[in-house]
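Asks: Quick one: this structure, given as structure tokens, is what I'll be asking you about.
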Amino acid sequence: MSVHVPPDDAGAPRAQAGPNPQHLLATLLGEYLDSSEAGLPSTAVVAMLGEFGISESSARAALSRLTKRGLIAVRGSGRPPVYHLTPQAIARHRSRMDHFLGFGAHPPRWTGDWVTVSFSIPQSGQGQSGQARSGQAWSGQAPRHAVRKALGSLGFARLYDSVWIRPGSDAGPVTQALHDILDDVDGGRWSVMHTRFDEETGPHGPAAAYDLAGLAAAYEAFIAQYSDLRVDVRDGQIDASRALVARTSVMDSWRRFPDTDPNLPEHLLPAPWPRQAARDLMLEIHSALGSLAEARLIQVATPYWPDAASWITHFHASENFVSARAGGDG
């Protein structure tokens, strides 16, 4: 049993091991730009990613791929190309920064409610018209995979073979997703239920659907990876150049937790649970290095983007743990 697979971030690529130019660029844009009016020259992007050891060809490939994904768009037809964040991406970034910085700030309000999905799909199926797709019988594996992917993206975990659960009571999104996938699959059946468990704790309870040991190990690894950095931050040993790379790395590592941690109530979690320690570490580093990282990004981008200082800003966690721009309106 495993934690659910998160949805893609505003068209951004999934996190991968090692430096990923697309993922780094998506993180940089989300952290330091907050206006669709900003015209970002490709040469500035190359310089920004160069701080992370990304080659020019890889940086330009990342720009191309994020454009295809709709995260950024080309402005005009000049050379070198100038890009801008789309308004939809800006809105998405703001929402996601709130999600990343606010996650774990307060325990979930727990009512004991779970949404449960059960489904059955025949080994092969056809559409409602009775015509086989692409001239062949449609294997039941295709819709089954689609259902599992949709359930994972909506925060469900598999309790038993075809029984999936998630905490809470909002069944609207999953009901729509199942309609979209299975309404034209002959023999496909599914049910969405609101349930409570007689025994929430123990090996037969809902927590068994989640790899909580693996999640705890991931939090512990995060703490181990960045504890020395926090010491250097407290000792004032971080200059602007290191601040940009370090702060981006911390957020790049942290951002997977809000999408993979099911945020179960405390009585279902093993003790001690390391999330709060990991969150405190992230917030301390992220907040302390914000201004330095912004200054370094401006320094790197300005030779290729004279207006960089007018547009580059940074987000930080405000008192109510919702992200806020540290700079002006841009």
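We label chains A, B, ... in the order they appear in the structure tokens, count residues from 1 in each chain, and number ligands from 1 in the order shown.
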Can you list, as a PyMOL selection string, every protein, DNA or RNA residue that comes within 7 Å of segment 242-249 of chain A when you count only C-alpha atoms, leaving out same-chain residues fewer than 2 positions away?

Replies: chain A and resi 52+238-240+251-253+285-286+289+292-293+296

Asks: Write a file of the just-selected residues containing N, CA and C atoms, as a tab-separated table (two decimals), in the first residue's frame.

Replies:
chain	number	residue	atom	x	y	z
A	52	PHE	N	22.55	26.70	-11.08
A	52	PHE	CA	22.31	25.36	-10.56
A	52	PHE	C	23.07	24.30	-11.37
A	238	ILE	N	25.83	32.02	5.14
A	238	ILE	CA	25.28	31.84	3.80
A	238	ILE	C	25.33	33.15	3.04
A	239	ASP	N	26.05	33.18	1.91
A	239	ASP	CA	26.05	34.37	1.08
A	239	ASP	C	24.91	34.28	0.06
A	240	ALA	N	24.75	35.33	-0.76
A	240	ALA	CA	23.60	35.40	-1.66
A	240	ALA	C	23.62	34.29	-2.70
A	251	MET	N	12.83	24.20	-1.02
A	251	MET	CA	11.45	24.20	-1.47
A	251	MET	C	11.19	23.08	-2.47
A	252	ASP	N	12.16	22.83	-3.33
A	252	ASP	CA	12.02	21.77	-4.31
A	252	ASP	C	11.85	20.42	-3.61
A	253	SER	N	12.54	20.24	-2.49
A	253	SER	CA	12.43	19.00	-1.73
A	253	SER	C	11.15	18.95	-0.90
A	285	ILE	N	14.64	28.06	7.16
A	285	ILE	CA	15.57	28.29	6.07
A	285	ILE	C	14.92	29.14	4.98
A	286	HIS	N	13.71	28.80	4.60
A	286	HIS	CA	13.02	29.50	3.53
A	286	HIS	C	12.84	30.97	3.87
A	289	LEU	N	16.41	33.02	4.14
A	289	LEU	CA	17.20	33.21	2.92
A	289	LEU	C	16.44	33.93	1.81
A	292	LEU	N	18.11	37.33	0.47
A	292	LEU	CA	19.39	37.04	-0.15
A	292	LEU	C	19.21	36.34	-1.50
A	293	ALA	N	18.31	35.38	-1.54
A	293	ALA	CA	18.07	34.65	-2.79
A	293	ALA	C	17.51	35.57	-3.86
A	296	ARG	N	20.32	37.70	-5.25
A	296	ARG	CA	21.20	36.97	-6.15
A	296	ARG	C	20.55	36.74	-7.51

Asks: Based on the backbone DSSP call, show me all residues of segment 35-95 of chain A assigned helix (DSSP H, G or I), as JSON, numbers by chain.

Replies: {"A": [42, 43, 44, 45, 46, 47, 48, 49, 50, 56, 57, 58, 59, 60, 61, 62, 63, 64, 65, 66, 67, 68, 87, 88, 89, 90, 91, 92, 93, 94, 95]}

Asks: What is the atom CA of Ala62 of chain A-atom CA of His93 of chain A distance in Å, reported with one decimal?

Replies: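 Computed distance, atom CA of Ala62 of chain A to atom CA of His93 of chain A, equals 17.8 Å.
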
Asks: Kindly indicate which residue among A:Trp164, A:Trp254, A:Phe103, A:Trp311 lies nearest to Leu33 of chain A, using only C-alpha atoms for the distances.

Replies: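 Comparing A:Trp164, A:Trp254, A:Phe103, A:Trp311 against Leu33 of chain A, the winner is A:Trp311.
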
Asks: Which distance in Å separates atom CA of Val300 of chain A and atom CA of Asp34 of chain A, to one decimal?

Replies: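 About the pair atom CA of Val300 of chain A and atom CA of Asp34 of chain A: they are 18.2 Å apart.
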
Asks: Could you give me, as a list of chain:residue names, the residues within 10 Å of Ala38 of chain A, counting only C-alpha atoms and dropping anything in the same chain fewer than 3 positions from it?

Replies: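 In the requested format, the answer is A:Leu33, A:Asp34, A:Ser35, A:Pro41, A:Val82, A:Tyr83, A:His84, A:Leu85, A:Asp307, A:Ala308, A:Ser310, A:Trp311, A:Ile312, A:Gly330.
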
Asks: In terms of the shortest atom-to-atom distance over only C-alpha atoms, which of A:Gly50, A:Pro81, A:Thr27, A:Val147 is closest to Arg96 of chain A?

Replies: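 Smallest distance to Arg96 of chain A is found for A:Thr27.
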
Asks: Pick out each residue of segment 138-292 of chain A that DSSP on the backbone tags as strand (DSSP E); I need them as a PyMOL selection string.

Replies: chain A and resi 138-139+157-160+163-167+189-195
